[in-house]
Amino acid sequence: MRGEKFIAIMGLCWLLAGCNRHQSTLAPFGADAEAIRHLFIVMLVGAVGIAGFVAWLMRRAVRAPVGEMTHRKGMRLVLWLGGIVPTVVLLGLLAYSLPYMRPRPVAPADLRIAVDGEQFWWRVAYRAADGAPVLSANEIRIPVGRTVAFRLTAGDVVHSFWIPGLAGKMDMIPGRTNTLVVRADRSGRYRGQCAEFCGLSHALMALDVVAMEPAAFDAWLEGQRGPARGAVADVAGARLFAAQGCGGCHAVRGTAAASRIGPDLSRFGQRATLAAGILPMTTANVAGFIRHPQATKPGVRMPAFPQLSDAEAMAIARYLEGLK
Amino acid sequence: MSLHAQDDPTLRAAQEDRLRAVWKPPSGWFFRWTDVNNNRIGVWYTLTAFGFMLFAGVLALIMRTQLAVPNNDLVSANTFNQLFTLHGSMMMFLFAVPMFEAVSIILLPQLLGARDLPFPRLSAFGYWSFLLGGVFVSGSIFFNAAPDGGWFMYPPLTTRTDLSGLGADIWMLGLSFIEVSSVAAAVELIVGVLKCRPPGMRLNLMPLYAWYILVVAVMILFAFPPLIAGDLLFEMERLLEWPFFDAARGGDPLLWQHLFWIFGHPEVYIVFLPSIALFAMLIPTFAQRHLLGYPWIVLAAVGTAFLSFGLWVHHMFATGLPKISLAFFSAASEAVAIPTGVQIFAFIATLWAGKVKWSTPLLYASGSLAIFVIGGLTGVMVAVAPFDWQAHDTYFIVAHLHYVLIGGTLLPLFGGLYYYWPLITGKKLSDRMGRAAFWIMFVGVNLTFFPMHLSGLEGMPRRVFTYPAELGIGWLNLASTAGSYLFAAGVLVLVIDLALSPTRPKAARNPWNAGTLEWLAHPDDEDWGIRSVPLIESRYPIWDQKDFVAKVDEGRFFLPDAEEGRRETIITSVLDARPVSVIRLGTPSVKPMITAVALGAVFILTTYHLYLLSAISGVVTLACVLWWLWDTAEIPEKPEKPIGHGMHMPLYSAGPAAPGWWAMFITMMADATAFSGLVFGYYFYWTIHSDFGAGFDGPGSAAPIMALGLSLASWVGTVVAREVHARGQVMIARILLVAGTIAAIASLFAGLRCLDGLDPKANVYPAIVWVLTIWTVVHAAIGAIMQLYTLARSLAGRMTPSHDADLRNITVYQHFYALTASVTYLTIGLFPETGL
């Protein structure tokens with residue numbers, strides 16, 4: 001009975017594989033996640049077999065007529081099924097799984113992305129082999145087919161960097177630097193999420209991931225350099241942004257706002273979501289978040305701006321959305 | 001064998017009257033709670049733990065309701081975080097571990113044919129501590145002040161007072177208090193198994209449940225202290241800003257993770273093995289034959305315990321540790337499946353070989369085995385590090401751990417409840433309701449937790465108070481929520497069945513026709529436990545030994561009487577269970593309860609930063625302990641007494657022959673383990689910082705060596721005092737004890753000198769030096785109090801050269817103290833190079 005259930009669930013996995021799942025370990029877009037999915041399926045088949053066998057054996061044992069099993073035979077059963085077979089199977093599993101633990105080699109020229117976990121957002125810095133780092137937040141873009149090394153740190157508490165479709169997770173620990181080397185194999189938009197409990201809004205600390213064709217990626221990265229464009233699209237908004245002291249925490253390259261405390265907003269308008277993967281990027285959402293960030297994300301560090309009128313908040317939102 | 005005396009019914013009746021008078025429970029609305037009899041303490045303990053389980057279960061239901069649909073806002077993030085933290089913490093610390101200890105306190109004396117455990121008052125102390133600490137921790141949720149950092153409490157989220165409030169202190173201090181009571185119960189159970197077995201019950205004839213108790217209690221002894229050490233560092237950081245886990249000042253959050261999981265992984269087996277132990281008792285009964293492979297099962301239990309201490313890193317696969325260590329811990333984690341397999345297949349083989357009597361307890365056993373096997377198989381999967389990198393901290397793990405804990409702890413416990421209920425209450429539970437409850441729970445568990453495997457793999461992390469609809473896991477979560485209500489309904493049926501029990505008629509004696517000693521229990525049992533302590537020749541004496549039950553009932557074995565009006569039980573030798581003495585047991589007393597309240601006050605007042613009141617409570621606790629101890633190790637009115645069959649047993653024992661000596665030794669093992677947790681911290685910092693200690697003057701080597709010399713002098717003084725005292729030179733012994741006390745106090749001051757000029761808030765190096773030193777000087781002070789106590793006992797005539805248990809016990813303490821002082825002062829004085 002147990003075995004049937006496992007098989008049914010396995011069928012379900014295949015069904016689900018058809019859906020559009022952008023935060024799933026079973027619908028990978030990275031080489032490492034793909035390998036782990038393969039490992040999982042192999043183990044799943046083994047587990048279903050073992051569970052079914054034990055269930056059958058148990059049924060057999062309870063229903064067997066007295067005298068069928070002697071003491072000698074019983075001891076042999078314990079020795080083989082409890083000792084020898086598991087030892088062999090587990091040694092096999094260990095040998096089979098060891099190669100999966102080998103870290104992906106990384107060359108000096110490979111793209112490095114520093115990601116720093118903060119309550120409850122992600123600070124991102126692209127460090128190509130040449131040129132100054134490109135700062136961003138809450139969105140990561142990577143080129144398909146190339147090795148990328150993430151350098152993972154944490155600013156305040158322990159977080160965990162997890163993009164299920166790309167690779168396994170890696171913790172971000174204050175005072176330590178961890179490295180996760182990955183390779184995306186399919187382009188598309190995906191999602192990641194913090195996987196280590198990090199406080200009130202742990203559930204609301206997500207991340208947009210965009211895997212791009214290499215040429216498109218290079219062009220995009222090049223376009224990220226230099227001052228923010230569109231900074232004058234909404235003059236009133238820009239003025240309010242400065243007057244409300246937003247630059248005390250945020251940076252918009254090319255303007256007076258240059259603080260590193262909060263997320264870098266230089267290319268804010270390019271992102272698909274707001275508040276670390278929580279809200280769709282609409283002017284109304286941005287304006288609402290500015291006035292009452294706690295309503296969306298409890299425990300967020302950004303102070304509320306309830307004194308702003310709707311119109312003022314919308315103006316700042318339009319200004320920010322214009323930053324591309 | 002002169003059995004004839006017991007043929008006389010009037011003699012037997014007179015004996016029974018005396019036993020009844022001696023074991024009469026206290027009465028009165030207050031004094032009935034001062035009882036210390038294991039039957040009553042065990043039942044209170046069990047009911048309290050069961051109540052905490054139901055409470056924690058309700059918390060889980062609220063969580064499942066919140067998660068039923070995406071973007072739900074039934075509870076706030078803040079409440080949700082309190083809910084899951086308290087659910088996990090309570091199930092572990094207030095249910096699973098105490099429940100094992102509670103059940104063991106009830107069963108162990110019966111399994112061993114003892115009248116009670118060796119330290120009944122210690123059991124009572126453990127119970128009151130547990131109740132007090134448990135109410136303190138769980139009640140916090142009604143004040144919106146419950147811990148909210150997860151049951152693992154990872155710093156710096158939990159140590160930064162700007163990010164976490166009182167809840168973190170409640171967790172640390174409240175649960176530390178409960179950990180103390182768990183260790184106390186473990187000491188009691190270990191000494192019980194080793195010293196209170198009936199004559200003839202050699203280690204290899206011991207019921208398997210006793211073996212498992214021994215293994216699990218030893219695990220508690222080595223697993224809880226590292227957590228207590230971690231708690232100490234944790235509170236030092238929270239209350240005093242000492243930077244053990246603050247990376248900016250040289251600390252490291254990972255040290256907490258290591259200390260927590262060195263506790264946390266064995267903990268899993270601490271709560272799992274007792275359930276296997278219940279299987280080991282009920283399977284032979286329902287197979288109506290001896291359990292197959294007894295020595296293998298014992299070895300497998302010991303092997304599981306051993307391995308369980310070597311695989312804590314599998315909770316840290318994603319922390320970025322070197323890959324080679326991951327491979328090692330992967331292998332160790334997989335290997336633990338082997339002893340588990342041996343135990344399970346031994347049970348299956350026993351059922352196969354026997355004549356199976358299908359019954360409700362066996363239904364629970366086989367059903368939980370099915371659930372546990374699934375949890376075990378997913379456990380092997382997550383032991384494989386690469387898969388764990390995906391599964392870790394997702395709902396896949398939530399599914400895995402609940403399959404393990406429900407299949408490996410909860411349902412076996414319910415099975416045990418149906419099996420042992422007649423033993424404890426004299427009445428059987430309803431088979432019909434039991435089966436109904438089982439099937440509802442079985443379907444509920446699978447419906448709740450099976451979909452979680454999938455929601456985890458589909459990208460749902462743990463400990464999230466909500467999830468977006470776009471992940472496509474809404475229907476999986478809805479199924480889980482429906483399942484959880486079904487599961488709760490099953491538990492409700494079970495609770496109703498229990499509640500109806502008082503209305504039912506008494507069952508027959510030994511209703512399952514079991515073969516083990518505990519089933520001597522009679523439905524109309526008396527408080528004396530067992531009529532006479534039997535001579536054991538088989539693992540299943542009721543089946544195998546001729547006229548066994550009648551002989552016990554007629555008092556034809558040992559100690560059938562209580563001539564001196566004292567509560568007594570037989571002490572036997574550790575390996576071969578030769579009777580060596582009779583001990584007088586503690587009687588009902590208010591002391592354990594008062595001591596528990598005073599100690600609880602120390603922890604609870606510290607939580608609220610009321611340090612002065614807390615210090616006063618500490619002094620009161622010490623006074624209570626001394627008041628309590630003063631009656632112990634009493635010199636008997638006569639050197640020995642007959643226990644039947646022409647045997648005479650001494651009424652006093654000291655040194656390794658005495659249970660008290662073993663309790664001291666075992667307690668000090670736990671103490672030394674906690675200390676080694678702190679020392680581990682020191683060397684951990686040294687390995688991660690190439691410049692550890694640089695830039696600080698350090699304590700130098702003069703002060704530490706001076707402190708060490710004085711500590712060793714205190715130790716030598718005590719050891720020599722014991723020797724000369726045993727030779728009758730009481731006066732010299734007293735002078736040596738005084739000298740030892742002076743040396744201990746001097747070492748205390750010399751130790752504090754080591755801390756001159758070291759600011760523990762500045763950096764982790766001075767902070768860890770402070771902690772090691774304080775730990776050591778506090779032990780010096782306790783040592784001095786013990787020396788003065790022993791001196792007072794000698795002066796009061798309560799200790800003589802032939803009755804020197806006190807002096808022998810404090811010598812054990814001093815051996816460990818000498819070791820502690822040596823490690824501390826050599827470490828801080830000579831290591832690293834800063835000392836020289």
# chains A, B, ... in the order shown; residues from 1 in each chain; ligands from 1

call {"tool": "residues_around", "arguments": {"residues": "segment 311-321 of chain A", "least_positions_apart": "4", "cutoff": "8 Å", "atoms": "only C-alpha atoms", "output": "count of residues only"}}
result
21

call {"tool": "residues_around", "arguments": {"residues": "segment 163-180 of chain A", "least_positions_apart": "4", "cutoff": "8 Å", "atoms": "only C-alpha atoms", "output": "PyMOL selection string"}}
result
(chain A and resi 22-34+116-117+149-159+184+190-193+195-196+209) or (chain B and resi 247-248+252-253+318-320+386-390+392+459)

call {"tool": "write_last_selection", "arguments": {"atoms": "N, CA and C atoms", "output": "short mmCIF file (atom, residue, chain, number, x, y, z; two decimals), in the first residue's frame"}}
result
data_model
loop_
_atom_site.label_atom_id
_atom_site.label_comp_id
_atom_site.auth_asym_id
_atom_site.auth_seq_id
_atom_site.Cartn_x
_atom_site.Cartn_y
_atom_site.Cartn_z
N HIS A 22 8.73 28.32 -11.07
CA HIS A 22 10.00 29.02 -11.12
C HIS A 22 10.75 29.00 -9.80
N GLN A 23 10.22 28.27 -8.79
CA GLN A 23 10.97 28.12 -7.53
C GLN A 23 10.89 26.67 -7.11
N SER A 24 11.28 25.78 -7.98
CA SER A 24 11.11 24.37 -7.70
C SER A 24 12.41 23.62 -7.91
N THR A 25 12.70 22.69 -6.99
CA THR A 25 13.89 21.87 -7.18
C THR A 25 13.63 20.80 -8.23
N LEU A 26 12.34 20.59 -8.55
CA LEU A 26 12.01 19.53 -9.50
C LEU A 26 11.90 20.06 -10.93
N ALA A 27 12.00 21.40 -11.08
CA ALA A 27 11.99 21.99 -12.41
C ALA A 27 13.23 22.86 -12.56
N PRO A 28 14.40 22.24 -12.60
CA PRO A 28 15.65 23.01 -12.51
C PRO A 28 16.00 23.73 -13.81
N PHE A 29 16.75 24.83 -13.66
CA PHE A 29 17.33 25.48 -14.83
C PHE A 29 18.85 25.53 -14.73
N GLY A 30 19.40 25.04 -13.61
CA GLY A 30 20.84 25.03 -13.42
C GLY A 30 21.39 23.62 -13.42
N ALA A 31 22.68 23.50 -13.75
CA ALA A 31 23.30 22.18 -13.86
C ALA A 31 23.30 21.45 -12.51
N ASP A 32 23.56 22.19 -11.42
CA ASP A 32 23.66 21.54 -10.12
C ASP A 32 22.30 21.05 -9.63
N ALA A 33 21.28 21.90 -9.81
CA ALA A 33 19.94 21.49 -9.40
C ALA A 33 19.49 20.28 -10.23
N GLU A 34 19.85 20.26 -11.49
CA GLU A 34 19.51 19.13 -12.36
C GLU A 34 20.17 17.85 -11.83
N ASP A 116 24.92 39.77 -0.27
CA ASP A 116 24.99 39.98 1.17
C ASP A 116 23.56 39.97 1.70
N GLY A 117 23.26 39.08 2.63
CA GLY A 117 21.90 39.00 3.17
C GLY A 117 21.69 40.03 4.26
N ALA A 149 30.42 32.43 -9.76
CA ALA A 149 30.75 32.17 -8.35
C ALA A 149 30.07 33.22 -7.48
N PHE A 150 29.20 32.74 -6.59
CA PHE A 150 28.58 33.65 -5.62
C PHE A 150 29.44 33.72 -4.37
N ARG A 151 29.65 34.94 -3.92
CA ARG A 151 30.39 35.15 -2.67
C ARG A 151 29.35 35.61 -1.66
N LEU A 152 29.08 34.77 -0.65
CA LEU A 152 27.91 34.96 0.20
C LEU A 152 28.29 35.40 1.61
N THR A 153 27.74 36.53 2.02
CA THR A 153 27.99 37.03 3.36
C THR A 153 26.66 37.50 3.96
N ALA A 154 26.70 37.83 5.24
CA ALA A 154 25.49 38.34 5.89
C ALA A 154 25.84 39.57 6.70
N GLY A 155 24.97 40.55 6.64
CA GLY A 155 25.24 41.79 7.35
C GLY A 155 24.77 41.78 8.79
N ASP A 156 23.64 41.11 9.07
CA ASP A 156 23.10 41.21 10.42
C ASP A 156 22.93 39.85 11.09
N VAL A 157 22.10 39.00 10.48
CA VAL A 157 21.85 37.69 11.10
C VAL A 157 22.10 36.61 10.05
N VAL A 158 21.92 35.36 10.42
CA VAL A 158 22.15 34.27 9.48
C VAL A 158 21.00 34.22 8.47
N HIS A 159 21.35 34.17 7.20
CA HIS A 159 20.37 33.95 6.13
C HIS A 159 20.85 32.74 5.32
N ALA A 184 23.96 28.12 -14.88
CA ALA A 184 22.59 28.02 -15.38
C ALA A 184 22.63 27.42 -16.77
N TYR A 190 13.21 33.31 -12.79
CA TYR A 190 13.03 32.37 -11.69
C TYR A 190 12.99 33.13 -10.38
N ARG A 191 12.88 32.35 -9.30
CA ARG A 191 12.74 32.99 -8.00
C ARG A 191 13.59 32.23 -6.98
N GLY A 192 14.15 32.98 -6.06
CA GLY A 192 14.86 32.37 -4.94
C GLY A 192 14.28 32.90 -3.65
N GLN A 193 14.66 32.29 -2.54
CA GLN A 193 14.09 32.73 -1.26
C GLN A 193 15.06 32.43 -0.14
N ALA A 195 16.32 30.83 3.06
CA ALA A 195 15.92 29.54 3.59
C ALA A 195 16.34 29.35 5.04
N GLU A 196 16.97 30.35 5.65
CA GLU A 196 17.28 30.21 7.08
C GLU A 196 16.49 31.26 7.82
N VAL A 209 15.37 36.05 -10.05
CA VAL A 209 16.55 35.53 -10.73
C VAL A 209 16.25 35.51 -12.23
N ALA B 247 30.38 38.29 15.50
CA ALA B 247 31.54 38.23 14.62
C ALA B 247 32.37 39.51 14.68
N ALA B 248 31.73 40.64 14.94
CA ALA B 248 32.46 41.90 14.93
C ALA B 248 33.51 41.94 16.05
N ASP B 252 31.74 33.86 16.92
CA ASP B 252 31.31 33.18 15.70
C ASP B 252 29.95 32.52 15.93
N PRO B 253 28.94 32.89 15.12
CA PRO B 253 27.62 32.28 15.27
C PRO B 253 27.65 30.75 15.12
N ALA B 318 24.71 22.99 4.98
CA ALA B 318 24.65 24.18 4.13
C ALA B 318 25.38 25.37 4.75
N THR B 319 26.21 25.11 5.77
CA THR B 319 26.88 26.25 6.40
C THR B 319 28.22 26.55 5.76
N GLY B 320 28.61 25.78 4.76
CA GLY B 320 29.87 26.07 4.07
C GLY B 320 31.07 25.41 4.71
N PRO B 386 24.49 16.41 -0.95
CA PRO B 386 23.99 17.22 -2.07
C PRO B 386 22.47 17.33 -2.08
N PHE B 387 21.79 16.23 -1.76
CA PHE B 387 20.33 16.33 -1.72
C PHE B 387 19.90 17.25 -0.58
N ASP B 388 20.65 17.18 0.53
CA ASP B 388 20.29 18.03 1.67
C ASP B 388 20.44 19.51 1.33
N TRP B 389 21.37 19.84 0.44
CA TRP B 389 21.52 21.25 0.08
C TRP B 389 20.21 21.79 -0.50
N GLN B 390 19.46 20.92 -1.14
CA GLN B 390 18.14 21.35 -1.62
C GLN B 390 17.07 21.20 -0.53
N HIS B 392 17.30 20.86 2.77
CA HIS B 392 17.52 21.48 4.08
C HIS B 392 16.65 22.72 4.27
N GLY B 459 9.71 24.21 -3.38
CA GLY B 459 10.29 25.49 -3.05
C GLY B 459 9.74 26.18 -1.81
#

call {"tool": "interface_residues", "arguments": {"of": "chain A", "to": "chain B", "cutoff": "7 Å", "atoms": "only C-alpha atoms", "output": "VMD selection string"}}
result
chain A and resid 21 23 to 26 36 40 43 47 51 55 58 61 to 62 64 66 to 70 74 to 75 78 81 to 83 86 to 87 90 94 97 100 to 101 157 164 168 to 171 174 to 175 178 195 to 203

call {"tool": "write_last_selection", "arguments": {"atoms": "C-alpha atoms", "output": "CSV table (one decimal), in the first residue's frame"}}
result
chain,number,residue,atom,x,y,z
A,21,ARG,CA,7.3,26.5,-11.7
A,23,GLN,CA,11.0,28.1,-7.5
A,24,SER,CA,11.1,24.4,-7.7
A,25,THR,CA,13.9,21.9,-7.2
A,26,LEU,CA,12.0,19.5,-9.5
A,36,ILE,CA,20.5,16.8,-7.5
A,40,PHE,CA,16.7,12.4,-5.8
A,43,MET,CA,17.0,7.6,-4.2
A,47,ALA,CA,13.2,4.2,-1.1
A,51,ALA,CA,9.4,0.7,1.9
A,55,ALA,CA,5.7,-3.5,4.4
A,58,MET,CA,5.8,-7.2,8.0
A,61,ALA,CA,5.6,-12.0,9.5
A,62,VAL,CA,2.3,-11.3,11.2
A,64,ALA,CA,2.9,-16.6,9.0
A,66,VAL,CA,3.8,-20.9,13.8
A,67,GLY,CA,6.9,-22.9,13.1
A,68,GLU,CA,7.5,-21.4,9.7
A,69,MET,CA,10.3,-19.2,11.1
A,70,THR,CA,12.9,-20.9,13.3
A,74,GLY,CA,15.3,-15.5,12.2
A,75,MET,CA,18.8,-14.7,13.2
A,78,VAL,CA,18.3,-10.1,11.1
A,81,LEU,CA,18.3,-7.7,6.2
A,82,GLY,CA,19.4,-5.6,9.2
A,83,GLY,CA,23.1,-5.8,8.8
A,86,PRO,CA,21.9,-2.1,4.4
A,87,THR,CA,25.6,-1.8,4.7
A,90,LEU,CA,24.4,2.5,1.9
A,94,LEU,CA,27.7,6.9,-0.5
A,97,SER,CA,26.7,10.4,-4.2
A,100,TYR,CA,27.9,15.1,-6.5
A,101,MET,CA,29.7,16.8,-3.6
A,157,VAL,CA,21.8,37.7,11.1
A,164,PRO,CA,15.9,26.0,-5.9
A,168,GLY,CA,21.4,23.8,-3.5
A,169,LYS,CA,21.3,26.4,-0.8
A,170,MET,CA,24.2,28.0,1.0
A,171,ASP,CA,24.1,29.8,4.4
A,174,PRO,CA,27.9,37.0,9.8
A,175,GLY,CA,31.7,37.0,10.0
A,178,ASN,CA,30.8,31.2,1.8
A,195,ALA,CA,15.9,29.5,3.6
A,196,GLU,CA,17.3,30.2,7.1
A,197,PHE,CA,14.9,31.7,9.6
A,198,CYS,CA,16.0,35.3,9.9
A,199,GLY,CA,13.3,37.2,11.8
A,200,LEU,CA,9.8,38.6,11.4
A,201,SER,CA,9.7,38.8,7.7
A,202,HIS,CA,11.7,35.7,6.9
A,203,ALA,CA,8.8,34.5,4.7

call {"tool": "atom_distance", "arguments": {"atom1": "atom CA of Ile768 of chain B", "atom2": "atom CA of Tyr682 of chain B"}}
result
6.2 Å

call {"tool": "atom_distance", "arguments": {"atom1": "atom CA of Asp544 of chain B", "atom2": "atom CA of Tyr212 of chain B"}}
result
22.9 Å

call {"tool": "atom_distance", "arguments": {"atom1": "atom CA of Val720 of chain B", "atom2": "atom CA of Leu737 of chain B"}}
result
9.1 Å

call {"tool": "closest_residue", "arguments": {"among": "B:Gly379, B:Pro198, B:Gly829, B:Gly783", "to": "Ser538 of chain B", "atoms": "only C-alpha atoms"}}
result
B:Pro198

call {"tool": "select_by_dssp", "arguments": {"residues": "segment 70-160 of chain A", "states": "strand (DSSP E or B)", "output": "ChimeraX atom specification"}}
result
/A:111-118,121-127,134-137,139-144,147-154,159-160

call {"tool": "write_last_selection", "arguments": {"atoms": "N, CA and C atoms", "output": "JSON list (two decimals), in the first residue's frame"}}
result
[["chain", "number", "residue", "atom", "x", "y", "z"],
["A", 111, "LEU", "N", 32.68, 35.11, -13.80],
["A", 111, "LEU", "CA", 31.90, 36.17, -13.15],
["A", 111, "LEU", "C", 31.74, 35.87, -11.67],
["A", 112, "ARG", "N", 31.96, 36.92, -10.87],
["A", 112, "ARG", "CA", 31.75, 36.76, -9.43],
["A", 112, "ARG", "C", 30.64, 37.71, -9.00],
["A", 113, "ILE", "N", 29.71, 37.19, -8.23],
["A", 113, "ILE", "CA", 28.63, 38.03, -7.73],
["A", 113, "ILE", "C", 28.63, 37.94, -6.21],
["A", 114, "ALA", "N", 28.82, 39.09, -5.57],
["A", 114, "ALA", "CA", 28.76, 39.11, -4.10],
["A", 114, "ALA", "C", 27.33, 39.37, -3.69],
["A", 115, "VAL", "N", 26.79, 38.50, -2.83],
["A", 115, "VAL", "CA", 25.44, 38.69, -2.33],
["A", 115, "VAL", "C", 25.52, 38.74, -0.81],
["A", 116, "ASP", "N", 24.92, 39.77, -0.27],
["A", 116, "ASP", "CA", 24.99, 39.98, 1.17],
["A", 116, "ASP", "C", 23.56, 39.97, 1.70],
["A", 117, "GLY", "N", 23.26, 39.08, 2.63],
["A", 117, "GLY", "CA", 21.90, 39.00, 3.17],
["A", 117, "GLY", "C", 21.69, 40.03, 4.26],
["A", 118, "GLU", "N", 20.58, 40.72, 4.17],
["A", 118, "GLU", "CA", 20.20, 41.70, 5.20],
["A", 118, "GLU", "C", 18.76, 41.40, 5.57],
["A", 121, "TRP", "N", 16.38, 41.66, 2.81],
["A", 121, "TRP", "CA", 16.63, 41.91, 1.40],
["A", 121, "TRP", "C", 18.04, 41.46, 1.04],
["A", 122, "TRP", "N", 18.39, 41.58, -0.22],
["A", 122, "TRP", "CA", 19.68, 41.08, -0.70],
["A", 122, "TRP", "C", 20.47, 42.20, -1.34],
["A", 123, "ARG", "N", 21.70, 42.39, -0.90],
["A", 123, "ARG", "CA", 22.60, 43.37, -1.48],
["A", 123, "ARG", "C", 23.43, 42.62, -2.54],
["A", 124, "VAL", "N", 23.46, 43.11, -3.74],
["A", 124, "VAL", "CA", 24.10, 42.36, -4.83],
["A", 124, "VAL", "C", 25.18, 43.23, -5.47],
["A", 125, "ALA", "N", 26.35, 42.63, -5.72],
["A", 125, "ALA", "CA", 27.42, 43.35, -6.42],
["A", 125, "ALA", "C", 28.06, 42.43, -7.45],
["A", 126, "TYR", "N", 28.01, 42.82, -8.72],
["A", 126, "TYR", "CA", 28.61, 42.03, -9.79],
["A", 126, "TYR", "C", 30.06, 42.45, -9.94],
["A", 127, "ARG", "N", 30.94, 41.48, -9.92],
["A", 127, "ARG", "CA", 32.35, 41.80, -10.11],
["A", 127, "ARG", "C", 32.85, 41.01, -11.32],
["A", 134, "VAL", "N", 29.32, 46.41, -10.06],
["A", 134, "VAL", "CA", 28.01, 46.97, -10.35],
["A", 134, "VAL", "C", 27.07, 46.61, -9.21],
["A", 135, "LEU", "N", 26.50, 47.63, -8.57],
["A", 135, "LEU", "CA", 25.68, 47.36, -7.39],
["A", 135, "LEU", "C", 24.21, 47.25, -7.77],
["A", 136, "SER", "N", 23.52, 46.37, -7.06],
["A", 136, "SER", "CA", 22.09, 46.19, -7.29],
["A", 136, "SER", "C", 21.49, 45.59, -6.02],
["A", 137, "ALA", "N", 20.23, 45.25, -6.10],
["A", 137, "ALA", "CA", 19.59, 44.63, -4.93],
["A", 137, "ALA", "C", 18.39, 43.81, -5.36],
["A", 139, "GLU", "N", 17.64, 41.37, -7.00],
["A", 139, "GLU", "CA", 17.49, 40.73, -8.30],
["A", 139, "GLU", "C", 18.88, 40.27, -8.71],
["A", 140, "ILE", "N", 18.94, 39.07, -9.25],
["A", 140, "ILE", "CA", 20.23, 38.57, -9.72],
["A", 140, "ILE", "C", 20.06, 38.13, -11.16],
["A", 141, "ARG", "N", 20.98, 38.59, -12.01],
["A", 141, "ARG", "CA", 20.98, 38.15, -13.40],
["A", 141, "ARG", "C", 22.25, 37.37, -13.66],
["A", 142, "ILE", "N", 22.11, 36.23, -14.30],
["A", 142, "ILE", "CA", 23.30, 35.43, -14.61],
["A", 142, "ILE", "C", 23.25, 34.98, -16.06],
["A", 143, "PRO", "N", 24.44, 34.80, -16.62],
["A", 143, "PRO", "CA", 24.49, 34.33, -18.01],
["A", 143, "PRO", "C", 24.35, 32.81, -18.08],
["A", 144, "VAL", "N", 23.62, 32.33, -19.05],
["A", 144, "VAL", "CA", 23.44, 30.89, -19.24],
["A", 144, "VAL", "C", 24.74, 30.29, -19.78],
["A", 147, "THR", "N", 30.13, 29.64, -15.89],
["A", 147, "THR", "CA", 30.28, 29.43, -14.45],
["A", 147, "THR", "C", 30.17, 30.76, -13.73],
["A", 148, "VAL", "N", 29.41, 30.78, -12.66],
["A", 148, "VAL", "CA", 29.26, 31.99, -11.84],
["A", 148, "VAL", "C", 29.58, 31.62, -10.40],
["A", 149, "ALA", "N", 30.42, 32.43, -9.76],
["A", 149, "ALA", "CA", 30.75, 32.17, -8.35],
["A", 149, "ALA", "C", 30.07, 33.22, -7.48],
["A", 150, "PHE", "N", 29.20, 32.74, -6.59],
["A", 150, "PHE", "CA", 28.58, 33.65, -5.62],
["A", 150, "PHE", "C", 29.44, 33.72, -4.37],
["A", 151, "ARG", "N", 29.65, 34.94, -3.92],
["A", 151, "ARG", "CA", 30.39, 35.15, -2.67],
["A", 151, "ARG", "C", 29.35, 35.61, -1.66],
["A", 152, "LEU", "N", 29.08, 34.77, -0.65],
["A", 152, "LEU", "CA", 27.91, 34.96, 0.20],
["A", 152, "LEU", "C", 28.29, 35.40, 1.61],
["A", 153, "THR", "N", 27.74, 36.53, 2.02],
["A", 153, "THR", "CA", 27.99, 37.03, 3.36],
["A", 153, "THR", "C", 26.66, 37.50, 3.96],
["A", 154, "ALA", "N", 26.70, 37.83, 5.24],
["A", 154, "ALA", "CA", 25.49, 38.34, 5.89],
["A", 154, "ALA", "C", 25.84, 39.57, 6.70],
["A", 159, "HIS", "N", 21.35, 34.17, 7.20],
["A", 159, "HIS", "CA", 20.37, 33.95, 6.13],
["A", 159, "HIS", "C", 20.85, 32.74, 5.32],
["A", 160, "SER", "N", 20.03, 32.29, 4.39],
["A", 160, "SER", "CA", 20.49, 31.23, 3.50],
["A", 160, "SER", "C", 20.07, 31.55, 2.07]]

call {"tool": "select_by_dssp", "arguments": {"residues": "segment 166-225 of chain A", "states": "alpha helix (DSSP H)", "output": "list in words"}}
result
Pro214, Ala215, Ala216, Phe217, Asp218, Ala219, Trp220, Leu221, Glu222, Gly223 and Gln224 of chain A

call {"tool": "write_last_selection", "arguments": {"atoms": "C-alpha atoms", "output": "compact mmCIF listing (two decimals), in the first residue's frame"}}
result
# COMPACT_ATOMS: atom_id res chain seq x y z
CA PRO A 214 25.44 35.31 -22.57
CA ALA A 215 25.43 38.10 -25.17
CA ALA A 216 22.32 39.69 -23.73
CA PHE A 217 23.80 39.40 -20.28
CA ASP A 218 27.04 41.12 -21.27
CA ALA A 219 25.09 43.96 -22.83
CA TRP A 220 22.88 44.25 -19.78
CA LEU A 221 25.84 44.31 -17.38
CA GLU A 222 27.57 46.96 -19.48
CA GLY A 223 24.39 49.01 -19.35
CA GLN A 224 24.38 48.87 -15.58
